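**Student:** Below you will find the structure I want to go over with you.
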Amino acid sequence: MVDSRDETGERPFEEVFYPTDRVPFVEWREFSGAKPTVALTAAVTVLAFVTGLSNLSQAQPVVAGPLAGVLPMAETFVRFAGVLFAFPLGIVTFGLRRRKRLAWMAATALLPGLALLPLTTGRTTEIPLLLLILVTFPLLVWNREGFEQTLDLSSFQIASLTSILGVGLYGTVGSYGLRGQFIGLDGWGDAIYYVIVTIATVGYGDITPTTAEAKLFSLSVILFGTGAFTVAIGALIGPAIESRMAAAFGTMTASELSLLEDHVVVLGYGDVTESFLERVGDETDLVVVTPDADAASRLTDQGIEVLTDDPTDESALEDARVDVASGVAVAGDDDAENVLAVLAARNVNPDVRIVAVANEETHVGKLDAVGADEVIDLRAIGGQLLGASVLNGSADGTARDDLLGVSVTGDRSDGSDDATGNAEGT
């Protein structure tokens, strides 16, 4: 049966029941986005490590590729390149998972270098590695905007890394300058090697100081190097462990809490919290204080900052930086806890604006009396909106604004202490 469009502009029968819109069988973005790119980079890392172990296990590495006669020190490169590229690529893969821009830049530099390996060996067993790199590298370039997170380092972390570089430079230049007082130290390469094995406390004994001055210098490299390395490891890995544990428990780290300022603190987690967070989450910085670990973990997954603690405890509110907050929203399901939360917030910051939710109409006055600047009577608002929708056909526009206005208490900034939570008619 075929129908055609008539003069009234109605859709024909075949367009209604037999739509011609095509539904894609495969969503290609799922295979070409940032997540697949990270997965491919991880696969390249594993394959490079396996290839490197294979080349290391051979008595004589195969060097028969098109770049064998062009690349300097081709045999040495073939023997060690796979493993040497795999370790930094593993770190880069972790950074790509966190969408770090620095990791993206490192990956775009490492992958072309790793591609030289199969082109130098010419082994058929390394063709999969080359093909995987040829697929991964274009995806990295294509998804460059997906890796835009900056690498935020604290001043202590920067100082720790700088100290390691400083000790390395000091040891290399000093040992080269004193090379005449060492056995087995003849050039810059030997100096770098000596500093690394000395800081690592390995000490193979192949390079040995022969004078008191050289021995004192070696002792200083050991003390400075091990100290700087230990401090740097603590500075770099400590915050990562702290952040991981905090994320597991759905709470903020101490460093994250110290950065809060001019934010909104939400005390308690109730029925209205989700809609409230959707309304203001993109407009201002938020911190939710709730003892509910499940809710805290769920909110953390949504990218909302959470402090898993008692919202009625003043010490918890101090941790949430209520003293420098721009506002406090008390939105728990228990009005008794809401009253205590208002009191605690007012004690921590007497000047902060506090807006509280009253789940029962009889508790509006209590919340207002303990220091809330404004109290929202949920049941009064809901009932009046329902009535306006039934009688007027809709509850939007001016009617809705009027209803909201009569269902909250007045602002305390004008000196009024009266609770006006009851409806005054529509």
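By order of appearance in the structure tokens: chains A, B, ..., then residues from 1 within every chain, and ligands from 1 in the order shown.
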Any idea what's packed within 6 Å of range 263-265 of chain A, counting only C-alpha atoms, ignoring anything in its chain fewer than 6 positions away? Could you give it as a VMD selection string?
**Tutor:** chain A and resid 285 to 288 325 to 328
**Student:** For the residues selected in the previous step, produce a file with C-alpha atoms as a PDB file, in the first residue's frame.
**Tutor:**
```
ATOM      1  CA  ASP A 285      32.296  24.783  43.223  1.00  0.00           C
ATOM      2  CA  LEU A 286      30.463  22.360  45.507  1.00  0.00           C
ATOM      3  CA  VAL A 287      31.390  20.215  48.479  1.00  0.00           C
ATOM      4  CA  VAL A 288      28.899  17.725  49.911  1.00  0.00           C
ATOM      5  CA  ALA A 325      32.461  29.421  51.776  1.00  0.00           C
ATOM      6  CA  SER A 326      30.107  31.649  49.819  1.00  0.00           C
ATOM      7  CA  GLY A 327      27.041  29.765  51.047  1.00  0.00           C
ATOM      8  CA  VAL A 328      25.738  26.713  52.877  1.00  0.00           C
TER       9      VAL A 328
END
```
**Student:** DSSP on the backbone: what in range 161-292 of chain A comes out strand (DSSP E or B), as a PyMOL selection string?
**Tutor:** chain A and resi 182-183+208-209+264-267+286-290
**Student:** What's around Thr290 in chain A at 9 Å? Count only C-alpha atoms, leave out sequence neighbours fewer than 2 positions away in its own chain, and write the answer as a list in words.
**Tutor:** Val266, Leu267, Gly268, Tyr269, Val288, Asp292, Ala293, Ala295, Ala296, Val306, Leu307, Thr308, Asp309, Asp310, Pro311 and Gly332 of chain A
**Student:** Export C-alpha atoms of the chosen residues as a PDB file, in the first residue's frame?
**Tutor:**
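Just written: result-v1.pdb:
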```
ATOM      1  CA  VAL A 266      25.976  21.093  51.041  1.00  0.00           C
ATOM      2  CA  LEU A 267      25.295  19.582  54.468  1.00  0.00           C
ATOM      3  CA  GLY A 268      23.525  16.243  54.318  1.00  0.00           C
ATOM      4  CA  TYR A 269      22.277  14.155  51.428  1.00  0.00           C
ATOM      5  CA  VAL A 288      28.899  17.725  49.911  1.00  0.00           C
ATOM      6  CA  ASP A 292      26.578   8.091  53.841  1.00  0.00           C
ATOM      7  CA  ALA A 293      29.560   6.259  52.287  1.00  0.00           C
ATOM      8  CA  ALA A 295      26.156   8.253  48.459  1.00  0.00           C
ATOM      9  CA  ALA A 296      29.642   9.725  48.800  1.00  0.00           C
ATOM     10  CA  VAL A 306      32.590  14.912  48.825  1.00  0.00           C
ATOM     11  CA  LEU A 307      33.700  14.901  52.445  1.00  0.00           C
ATOM     12  CA  THR A 308      32.491  11.750  54.186  1.00  0.00           C
ATOM     13  CA  ASP A 309      31.809  13.042  57.665  1.00  0.00           C
ATOM     14  CA  ASP A 310      29.086  14.182  60.064  1.00  0.00           C
ATOM     15  CA  PRO A 311      27.479  17.437  58.770  1.00  0.00           C
ATOM     16  CA  GLY A 332      19.180  16.384  54.699  1.00  0.00           C
TER      17      GLY A 332
END
```
**Student:** Give me the residues of range 122-231 of chain A that have any atom at most 9 Å from an atom of range 109-117 of chain A; for each, the nearest atom pair and the distance in Å, rounded to one decimal. Use only C-alpha atoms, sort by chain and number, and format it as a Markdown table.
**Tutor:**
```
| residue | atom | partner | partner_atom | distance |
| --- | --- | --- | --- | --- |
| A:Gly122 | CA | A:Leu117 | CA | 8.5 |
| A:Glu126 | CA | A:Leu117 | CA | 8.3 |
| A:Leu129 | CA | A:Ala115 | CA | 7.8 |
| A:Leu130 | CA | A:Ala115 | CA | 5.8 |
| A:Ile133 | CA | A:Leu111 | CA | 6.5 |
| A:Leu134 | CA | A:Ala115 | CA | 8.3 |
| A:Thr136 | CA | A:Leu111 | CA | 8.5 |
| A:Phe137 | CA | A:Leu111 | CA | 6.9 |
```
**Student:** Write out as a PyMOL selection string which residues come within 9 Å of Thr121 in chain A when counting only C-alpha atoms, dropping same-chain ones fewer than 3 positions away.
**Tutor:** chain A and resi 61-68+74-75+78+116-118+124+126
**Student:** Please, which residues of range 169-386 of chain A, numbered as in this document, come out alpha helix (DSSP H) from DSSP, as a PyMOL selection string?
**Tutor:** chain A and resi 169-177+188-199+212-248+254-258+273-280+293-301+314-319+335-348+364-369+378-386
**Student:** Using only C-alpha atoms, which residues of range 333-372 of chain A come within 7 Å of range 376-383 of chain A, and what is the closest atom pair for each, with the distance in Å to one decimal? Give it as a Markdown table, sorted by chain and residue number.
**Tutor:**
```
| residue | atom | partner | partner_atom | distance |
| --- | --- | --- | --- | --- |
| A:Ala356 | CA | A:Ile376 | CA | 6.2 |
| A:Val357 | CA | A:Ile376 | CA | 4.8 |
| A:Ala358 | CA | A:Asp377 | CA | 5.0 |
| A:Asn359 | CA | A:Leu378 | CA | 6.0 |
| A:Glu361 | CA | A:Asp377 | CA | 6.2 |
| A:Val364 | CA | A:Asp377 | CA | 6.8 |
```
**Student:** Could you save the residues just selected, with C-alpha atoms, as a compact mmCIF listing (two decimals), in the first residue's frame?
**Tutor:**
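Full text of result11.txt as output:
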```
# COMPACT_ATOMS: atom_id res chain seq x y z
CA ALA A 356 17.91 25.06 54.76
CA VAL A 357 15.28 22.56 53.66
CA ALA A 358 12.30 21.82 55.93
CA ASN A 359 10.82 18.39 55.30
CA GLU A 361 6.04 22.38 57.78
CA VAL A 364 10.21 25.78 59.40
```
**Student:** Measuring between only C-alpha atoms, which one of A:Ser218, A:Ser54, A:Ser389, A:Thr108 shows the shortest distance to Trp142 in chain A?
**Tutor:** A:Thr108
